>>> print(open('input-v7.txt').read())   # compact mmCIF, C-alpha atoms and all ligand atoms
# COMPACT_ATOMS: atom_id res chain seq x y z
CA MET A 8 75.23 122.35 82.73
CA ILE A 9 71.82 121.58 84.25
CA ASN A 10 69.96 118.67 82.64
CA ASN A 11 66.23 119.16 82.47
CA VAL A 12 64.10 115.99 82.79
CA TYR A 13 62.04 117.23 79.85
CA ASP A 14 65.01 117.68 77.47
CA ASP A 15 63.75 114.65 75.53
CA GLU A 16 60.43 116.43 75.00
CA VAL A 17 61.84 119.15 72.76
CA PRO A 18 60.14 118.83 69.33
CA LYS A 19 62.17 117.15 66.60
CA VAL A 20 62.00 119.14 63.38
CA VAL A 21 61.27 116.85 60.42
CA THR A 22 60.92 117.51 56.70
CA ILE A 23 57.69 116.23 55.19
CA LYS A 24 58.40 113.58 52.56
CA GLU A 25 54.95 113.27 51.06
CA THR A 26 51.42 114.57 51.45
CA ILE A 27 48.31 112.68 50.37
CA ILE A 28 44.90 114.27 49.83
CA GLU A 29 42.59 111.59 51.23
CA THR A 30 39.24 113.40 50.85
CA PRO A 31 38.10 117.00 50.24
CA THR A 32 38.68 117.60 53.97
CA VAL A 33 41.33 115.07 55.03
CA LYS A 34 45.07 115.04 54.29
CA THR A 35 47.97 112.79 55.35
CA PHE A 36 51.53 113.96 56.07
CA VAL A 37 54.38 111.41 55.86
CA PHE A 38 57.79 112.16 57.38
CA PRO A 39 60.97 110.29 58.36
CA PHE A 40 61.06 109.11 61.97
CA GLU A 41 62.98 106.30 63.65
CA ILE A 42 60.35 103.68 64.46
CA THR A 43 61.52 102.00 67.65
CA ASP A 44 59.95 98.85 69.13
CA ASP A 45 58.04 100.84 71.74
CA ILE A 46 55.96 102.73 69.14
CA HIS A 47 52.47 101.24 68.73
CA PRO A 48 49.19 101.93 66.91
CA GLY A 49 46.89 104.14 68.98
CA GLN A 50 49.66 106.42 70.25
CA PHE A 51 49.84 110.08 69.24
CA VAL A 52 52.38 112.83 68.59
CA MET A 53 52.20 116.56 69.27
CA VAL A 54 52.53 118.35 65.92
CA TRP A 55 54.02 121.87 65.96
CA ASP A 56 53.60 124.20 63.00
CA PHE A 57 56.03 126.70 64.64
CA SER A 58 53.07 128.64 65.90
CA ASN A 59 50.81 126.20 67.72
CA GLU A 60 50.81 122.54 68.71
CA LYS A 61 48.08 119.86 68.49
CA PRO A 62 47.88 116.13 69.26
CA MET A 63 47.48 113.77 66.30
CA THR A 64 47.21 110.02 66.22
CA LEU A 65 49.76 108.01 64.25
CA SER A 66 48.13 107.02 60.98
CA ILE A 67 51.29 105.49 59.46
CA ILE A 68 53.91 103.49 61.40
CA ASP A 69 56.29 102.09 58.78
CA ARG A 70 59.05 100.17 60.56
CA GLU A 71 60.70 99.03 57.33
CA ASN A 72 61.29 102.51 55.97
CA ASN A 73 61.35 104.47 59.25
CA LEU A 74 58.41 106.60 58.21
CA MET A 75 55.60 107.98 60.31
CA GLY A 76 52.38 109.71 59.27
CA VAL A 77 49.58 111.80 60.69
CA THR A 78 46.22 112.47 59.07
CA VAL A 79 44.26 115.66 59.69
CA ARG A 80 40.69 116.70 59.04
CA LYS A 81 40.03 120.40 58.45
CA ALA A 82 38.28 121.40 61.66
CA GLY A 83 39.74 124.74 62.75
CA PRO A 84 42.57 127.20 62.05
CA PHE A 85 45.41 124.76 62.88
CA THR A 86 44.19 121.87 60.72
CA GLU A 87 42.98 124.22 57.97
CA ASN A 88 46.50 125.68 57.78
CA MET A 89 48.01 122.20 57.62
CA TYR A 90 45.57 121.09 54.93
CA GLU A 91 45.90 124.21 52.78
CA ASN A 92 49.52 125.31 53.25
CA ILE A 93 51.84 122.52 54.40
CA GLU A 94 53.32 120.37 51.64
CA ALA A 95 56.19 117.96 50.95
CA GLY A 96 59.52 119.70 51.63
CA ASP A 97 58.06 121.83 54.44
CA LYS A 98 59.09 121.31 58.04
CA ILE A 99 57.04 120.59 61.16
CA GLY A 100 57.99 119.81 64.77
CA ILE A 101 57.12 116.44 66.34
CA ARG A 102 57.04 115.56 70.08
CA GLY A 103 56.37 112.02 71.17
CA PRO A 104 54.97 109.50 70.43
CA TYR A 105 52.99 109.56 73.67
CA GLY A 106 50.23 107.64 75.36
CA HIS A 107 48.93 104.11 75.58
CA GLY A 108 47.95 102.34 72.35
CA TYR A 109 45.98 99.22 71.43
CA GLU A 110 47.08 95.86 72.92
CA LEU A 111 45.71 93.07 70.77
CA GLY A 112 48.31 90.31 71.10
CA LYS A 113 46.08 87.93 73.08
CA TYR A 114 43.01 88.17 70.84
CA LYS A 115 42.08 85.77 68.03
CA LYS A 116 39.71 87.93 65.98
CA VAL A 117 39.41 91.70 66.22
CA LEU A 118 36.59 93.88 64.91
CA ALA A 119 37.92 97.41 64.40
CA VAL A 120 35.47 100.26 63.77
CA GLY A 121 36.68 103.66 62.51
CA GLY A 122 34.33 106.57 62.09
CA GLY A 123 35.46 109.44 59.83
CA SER A 124 39.08 110.41 60.48
CA GLY A 125 39.05 108.02 63.46
CA ILE A 126 40.15 105.41 60.95
CA ALA A 127 43.59 107.08 61.18
CA SER A 128 44.13 105.53 64.61
CA LEU A 129 43.15 102.04 63.42
CA ALA A 130 44.80 101.76 59.99
CA PRO A 131 48.30 100.98 61.40
CA LEU A 132 46.81 97.94 63.20
CA LEU A 133 46.62 96.19 59.84
CA SER A 134 50.42 96.10 59.53
CA PHE A 135 50.91 94.97 63.15
CA TYR A 136 48.25 92.23 63.38
CA ASP A 137 46.77 89.81 60.86
CA ASN A 138 43.59 89.12 62.84
CA VAL A 139 41.88 92.48 62.33
CA GLU A 140 38.71 93.12 60.29
CA LEU A 141 38.08 96.79 59.73
CA ILE A 142 34.90 98.83 59.27
CA SER A 143 35.58 102.21 57.67
CA ALA A 144 32.64 104.57 58.08
CA ALA A 145 31.84 108.05 56.82
CA SER A 146 28.84 110.20 56.08
CA THR A 147 29.25 109.73 52.32
CA LYS A 148 31.53 107.97 49.79
CA ASP A 149 33.74 111.03 49.16
CA GLU A 150 34.61 111.24 52.86
CA LEU A 151 35.82 107.64 53.22
CA VAL A 152 39.48 107.84 54.26
CA PHE A 153 42.39 105.64 52.96
CA VAL A 154 40.37 104.06 50.14
CA GLU A 155 43.43 104.11 47.84
CA ARG A 156 45.82 103.03 50.61
CA PHE A 157 43.73 99.98 51.47
CA ALA A 158 43.30 99.12 47.77
CA ASN A 159 47.07 99.45 47.11
CA ASP A 160 47.81 97.20 50.09
CA GLY A 161 45.21 94.66 48.94
CA ILE A 162 43.24 95.07 52.16
CA LYS A 163 39.51 94.42 52.16
CA VAL A 164 37.69 96.76 54.50
CA HIS A 165 33.97 96.86 55.23
CA GLU A 166 32.84 100.25 54.00
CA CYS A 167 29.84 101.95 55.48
CA THR A 168 28.19 105.27 54.66
CA ASP A 169 25.30 107.10 56.28
CA ASP A 170 23.75 107.86 52.88
CA GLY A 171 24.44 104.48 51.27
CA THR A 172 26.70 105.88 48.51
CA CYS A 173 29.28 103.17 49.28
CA GLY A 174 29.03 99.85 51.10
CA PHE A 175 26.60 99.30 53.96
CA GLU A 176 23.94 102.02 54.28
CA GLY A 177 23.60 103.19 57.85
CA PHE A 178 25.73 103.74 60.92
CA SER A 179 28.96 101.88 61.65
CA THR A 180 27.48 100.56 64.90
CA GLN A 181 24.61 98.95 62.95
CA LEU A 182 27.07 97.20 60.64
CA ALA A 183 29.22 96.25 63.65
CA GLU A 184 26.21 94.60 65.29
CA GLU A 185 25.40 92.65 62.11
CA MET A 186 28.98 91.37 62.03
CA LEU A 187 29.01 90.56 65.75
CA LYS A 188 25.91 88.38 65.31
CA THR A 189 27.64 86.10 62.84
CA GLY A 190 31.38 86.50 63.52
CA ASP A 191 33.39 85.01 66.35
CA TYR A 192 35.14 88.22 67.36
CA ASP A 193 36.61 88.39 70.83
CA ILE A 194 37.19 92.15 70.98
CA ILE A 195 35.89 95.40 69.45
CA VAL A 196 38.32 98.28 69.01
CA GLY A 197 37.23 101.68 67.82
CA CYS A 198 38.01 105.31 67.20
CA GLY A 199 35.64 108.00 66.00
CA PRO A 200 32.87 110.28 67.24
CA GLU A 201 32.26 109.64 70.93
CA ILE A 202 28.63 108.71 70.45
CA MET A 203 29.83 105.91 68.16
CA SER A 204 32.46 104.79 70.67
CA TYR A 205 29.91 104.76 73.48
CA LYS A 206 27.62 102.52 71.40
CA LEU A 207 30.57 100.21 70.71
CA LEU A 208 31.13 99.84 74.45
CA LYS A 209 27.44 98.93 74.84
CA LEU A 210 27.74 96.37 72.02
CA SER A 211 30.76 94.80 73.72
CA GLU A 212 28.65 94.45 76.87
CA LYS A 213 25.69 93.00 74.94
CA TYR A 214 27.86 90.42 73.18
CA ASP A 215 30.07 89.89 76.22
CA ILE A 216 33.41 90.51 74.52
CA ASP A 217 36.31 92.84 75.27
CA CYS A 218 36.63 96.39 74.05
CA GLN A 219 39.41 98.98 73.55
CA LEU A 220 38.47 102.49 72.42
CA ALA A 221 40.54 105.58 71.64
CA LEU A 222 39.17 108.75 73.23
CA ASP A 223 39.71 112.32 72.14
CA ARG A 224 40.05 115.17 74.64
CA TYR A 225 41.48 118.68 74.44
CA MET A 226 45.20 118.45 75.21
CA LYS A 227 47.83 121.01 76.10
CA CYS A 228 51.05 119.41 77.37
CA GLY A 229 50.53 115.85 76.08
CA LEU A 230 52.80 114.71 78.91
CA GLY A 231 50.52 114.21 81.88
CA ILE A 232 51.44 117.47 83.62
CA CYS A 233 48.78 120.10 82.99
CA GLY A 234 45.65 118.07 83.83
CA GLN A 235 43.74 119.43 80.83
CA CYS A 236 42.77 116.00 79.50
CA CYS A 237 41.69 114.37 82.80
CA ILE A 238 38.43 112.44 82.57
CA ASP A 239 35.71 112.42 85.24
CA ASP A 240 35.63 110.88 87.61
CA THR A 241 38.70 108.68 87.58
CA GLY A 242 41.17 111.42 86.73
CA TYR A 243 42.65 109.25 83.97
CA ARG A 244 44.75 111.44 81.70
CA VAL A 245 43.92 110.76 78.06
CA CYS A 246 47.51 111.67 77.12
CA VAL A 247 49.08 109.12 79.50
CA GLU A 248 46.63 106.39 80.55
CA GLY A 249 44.90 106.78 77.14
CA PRO A 250 44.13 107.63 74.42
CA VAL A 251 43.20 103.93 74.20
CA PHE A 252 41.27 102.63 77.21
CA ASP A 253 40.10 99.08 77.88
CA LYS A 254 36.58 98.01 78.80
CA LYS A 255 37.15 98.05 82.55
CA GLN A 256 38.52 101.60 82.40
CA LEU A 257 35.79 102.82 80.03
CA GLU A 258 33.05 101.56 82.34
CA GLN A 259 34.47 103.77 85.11
CA LEU A 260 34.34 107.00 83.08
CA SER A 261 31.25 108.93 84.14
CA GLU A 262 31.69 111.57 81.40
CA PHE A 263 32.19 109.04 78.57
CA GLY A 264 29.47 109.53 75.95
CA LYS A 265 27.99 112.47 77.86
CA TYR A 266 30.37 115.44 77.81
CA ARG A 267 33.90 116.70 77.35
CA ARG A 268 35.78 119.85 78.41
CA ASP A 269 36.92 122.66 76.12
CA ALA A 270 40.22 124.58 76.32
CA SER A 271 38.95 126.61 79.28
CA GLY A 272 37.83 123.49 81.16
CA SER A 273 34.11 124.20 80.65
CA ILE A 274 31.81 121.25 80.02
CA VAL A 275 30.58 120.71 76.46
CA LYS A 276 27.71 118.20 76.27
CA TYR A 277 27.40 115.71 73.42
S1 LIG B 1 47.35 117.25 78.05
FE1 LIG B 1 48.30 117.87 79.90
S2 LIG B 1 47.83 116.23 81.26
FE2 LIG B 1 47.09 115.52 79.34
>>> encode(input="input-v7.txt", output="C-alpha cells")
Amino acid sequence: MINNVYDDEVPKVVTIKETIIETPTVKTFVFPFEITDDIHPGQFVMVWDFSNEKPMTLSIIDRENNLMGVTVRKAGPFTENMYENIEAGDKIGIRGPYGHGYELGKYKKVLAVGGGSGIASLAPLLSFYDNVELISAASTKDELVFVERFANDGIKVHECTDDGTCGFEGFSTQLAEEMLKTGDYDIIVGCGPEIMSYKLLKLSEKYDIDCQLALDRYMKCGLGICGQCCIDDTGYRVCVEGPVFDKKQLEQLSEFGKYRRDASGSIVKY
C-alpha cells in the first residue's frame, strides 16, 4: 500500500452538536473535535459542505469538552447555505486546523480589536489568556457578535458601533486610540476589515508597541501548496505563515491595506 504524505489532510466528518444564531447574518456551528495542545486561537480549518470548501477561523476552542466552533457571516452561496440550511445533527467535513495563530505569552496587557465577524478569531483568546481586553465592533447593535456568549461567561468587552446604538459611537480604531492613550498595553492584536487592520498597524507604530493581525485572503488548498494566498511582495502564504502576522512581517507586505487577489488571481483594490 502506498502512503500519501497528505493522508492526514483528508477531511474528518463531524456531526454538528449545536448552532447559535449570533445576529441576523452571523451563525456559529459547534462540533466535537479533539483539542490537542498544538491548537491555538488564530488558526483556521477548511470547512467542507460536501460540495465546496472554505477556510474559517476557530471561534470556539474548548479544551475541557473537546469542542470546536466556527462562525460564519452570510456573504455568498457557501456561507448562505451554511446559515440557512445546516443545523445541529447535520454533518460537515473539517480539515486542519492550519496556520499560525496569535502568540501572546510574553505580553503583559493585550488590546484586542475585532471588527464584525473578525471577533470570531479573537474570542478564543479570552479562554487562553487573562491579560486581554477586547473591543467588539460592528456597524450597529444588532450586528455585534457573541453578545450573549460574553455575557454568559461574565466577560466585559468594550462595545463599539458605527451608529452609536451600543457602546462607543464611531470606529473601532478611534476607540482603540482612546484606550491606547490611557492604558499600558504592550501589544495590539486584531482581526476584521483590512482597512481597520491597517490602521491598527499604524497605531502600533504611533504608540511604539507590538502588533499581531490576522489577514484574510482567498484560499484554495489551505496547505501551502497552490500559492493562491501568497502576499506581495514577500510571498508569505496566509495559510501557512499566517493568518496571524507580527508587526515585522506586516511592515514588509506591500499589498497590505491596498489590495487583495480574487479566485482568478486578479487584483481587487480596497
Ligand atoms: S491556499 Fe494554497 S497556498 Fe495558501
>>> residues_around(input="input-v7.txt", residues="A:Asn88", least_positions_apart="5", cutoff="12 Å", atoms="only C-alpha atoms", output="NGL selection string")
:A and (32 or 34 or 55-59 or 79-83 or 93-94)
>>> residues_around(input="input-v7.txt", residues="A:Gly125", least_positions_apart="4", cutoff="9 Å", atoms="all atoms listed in the file", output="CSV table (one decimal) with C-alpha atoms, in the coordinates of the input")
chain,number,residue,atom,x,y,z
A,64,THR,CA,47.2,110.0,66.2
A,120,VAL,CA,35.5,100.3,63.8
A,121,GLY,CA,36.7,103.7,62.5
A,129,LEU,CA,43.2,102.0,63.4
A,143,SER,CA,35.6,102.2,57.7
A,197,GLY,CA,37.2,101.7,67.8
A,198,CYS,CA,38.0,105.3,67.2
A,199,GLY,CA,35.6,108.0,66.0
A,200,PRO,CA,32.9,110.3,67.2
A,221,ALA,CA,40.5,105.6,71.6
>>> closest_residue(input="input-v7.txt", among="A:Ser273, A:Lys213, A:Asp240, A:Glu29", to="A:Gln259", atoms="only C-alpha atoms")
A:Asp240
>>> closest_residue(input="input-v7.txt", among="A:Gly103, A:Pro84, A:Gly112, A:Gly76", to="A:Ser128", atoms="all atoms listed in the file")
A:Gly76
>>> atom_distance(input="input-v7.txt", atom1="atom CA of A:Gln235", atom2="atom S2 of ligand LIG 1 (chain B)")
5.2 Å
>>> closest_residue(input="input-v7.txt", among="A:Phe135, A:Tyr225, A:Phe263, A:Phe51", to="ligand LIG 1 (chain B)", atoms="only C-alpha atoms and all ligand atoms")
A:Tyr225
>>> atom_distance(input="input-v7.txt", atom1="atom CA of A:Gly174", atom2="atom CA of A:Tyr114")
26.9 Å
>>> residues_around(input="input-v7.txt", residues="A:His107", least_positions_apart="5", cutoff="6 Å", atoms="only C-alpha atoms", output="JSON, numbers by chain")
{"A": [50, 248, 249, 251]}
>>> residues_near_ligand(input="input-v7.txt", ligand="ligand LIG 1 (chain B)", cutoff="7 Å", atoms="only C-alpha atoms and all ligand atoms", output="list of chain:residue names")
A:Met226, A:Lys227, A:Cys228, A:Gly229, A:Leu230, A:Gly231, A:Ile232, A:Cys233, A:Gly234, A:Gln235, A:Cys236, A:Cys237, A:Arg244, A:Val245, A:Cys246, A:Val247
>>> atom_distance(input="input-v7.txt", atom1="atom CA of A:Phe85", atom2="atom CA of A:Pro18")
17.1 Å
>>> build_atoms(input="input-v7.txt", residues="stretch 118-141 of chain A", atoms="N, CA and C atoms", output="compact mmCIF listing (two decimals), in the coordinates of the input")
# COMPACT_ATOMS: atom_id res chain seq x y z
N LEU A 118 37.43 93.03 65.76
CA LEU A 118 36.59 93.88 64.91
C LEU A 118 36.93 95.33 65.22
N ALA A 119 37.50 96.02 64.22
CA ALA A 119 37.92 97.41 64.40
C ALA A 119 36.95 98.32 63.67
N VAL A 120 36.49 99.37 64.35
CA VAL A 120 35.47 100.26 63.77
C VAL A 120 36.00 101.70 63.80
N GLY A 121 36.18 102.28 62.61
CA GLY A 121 36.68 103.66 62.51
C GLY A 121 35.65 104.56 61.90
N GLY A 122 35.30 105.61 62.61
CA GLY A 122 34.33 106.57 62.09
C GLY A 122 35.05 107.83 61.63
N GLY A 123 34.84 108.22 60.36
CA GLY A 123 35.46 109.44 59.83
C GLY A 123 36.97 109.35 59.92
N SER A 124 37.61 110.43 60.41
CA SER A 124 39.08 110.41 60.48
C SER A 124 39.57 109.54 61.63
N GLY A 125 38.66 108.97 62.43
CA GLY A 125 39.05 108.02 63.46
C GLY A 125 39.72 106.78 62.88
N ILE A 126 39.50 106.54 61.61
CA ILE A 126 40.15 105.41 60.95
C ILE A 126 41.68 105.57 60.98
N ALA A 127 42.14 106.81 61.13
CA ALA A 127 43.59 107.08 61.18
C ALA A 127 44.26 106.33 62.32
N SER A 128 43.57 106.22 63.44
CA SER A 128 44.13 105.53 64.61
C SER A 128 44.19 104.02 64.41
N LEU A 129 43.29 103.49 63.56
CA LEU A 129 43.15 102.04 63.42
C LEU A 129 43.94 101.47 62.24
N ALA A 130 44.16 102.28 61.21
CA ALA A 130 44.80 101.76 59.99
C ALA A 130 46.15 101.10 60.27
N PRO A 131 47.00 101.64 61.16
CA PRO A 131 48.30 100.98 61.40
C PRO A 131 48.16 99.59 62.01
N LEU A 132 47.00 99.27 62.62
CA LEU A 132 46.81 97.94 63.20
C LEU A 132 46.99 96.85 62.14
N LEU A 133 46.61 97.19 60.89
CA LEU A 133 46.62 96.19 59.84
C LEU A 133 48.03 95.71 59.51
N SER A 134 49.05 96.55 59.79
CA SER A 134 50.42 96.10 59.53
C SER A 134 51.06 95.49 60.78
N PHE A 135 50.38 95.57 61.92
CA PHE A 135 50.91 94.97 63.15
C PHE A 135 50.26 93.62 63.47
N TYR A 136 49.01 93.45 63.04
CA TYR A 136 48.25 92.23 63.38
C TYR A 136 47.58 91.70 62.12
N ASP A 137 47.45 90.36 62.03
CA ASP A 137 46.77 89.81 60.86
C ASP A 137 45.38 89.27 61.21
N ASN A 138 44.89 89.64 62.39
CA ASN A 138 43.59 89.12 62.84
C ASN A 138 42.55 90.23 62.96
N VAL A 139 42.75 91.31 62.19
CA VAL A 139 41.88 92.48 62.33
C VAL A 139 40.97 92.62 61.12
N GLU A 140 39.65 92.75 61.35
CA GLU A 140 38.71 93.12 60.29
C GLU A 140 38.24 94.54 60.57
N LEU A 141 38.25 95.36 59.52
CA LEU A 141 38.08 96.79 59.73
C LEU A 141 36.81 97.31 59.06
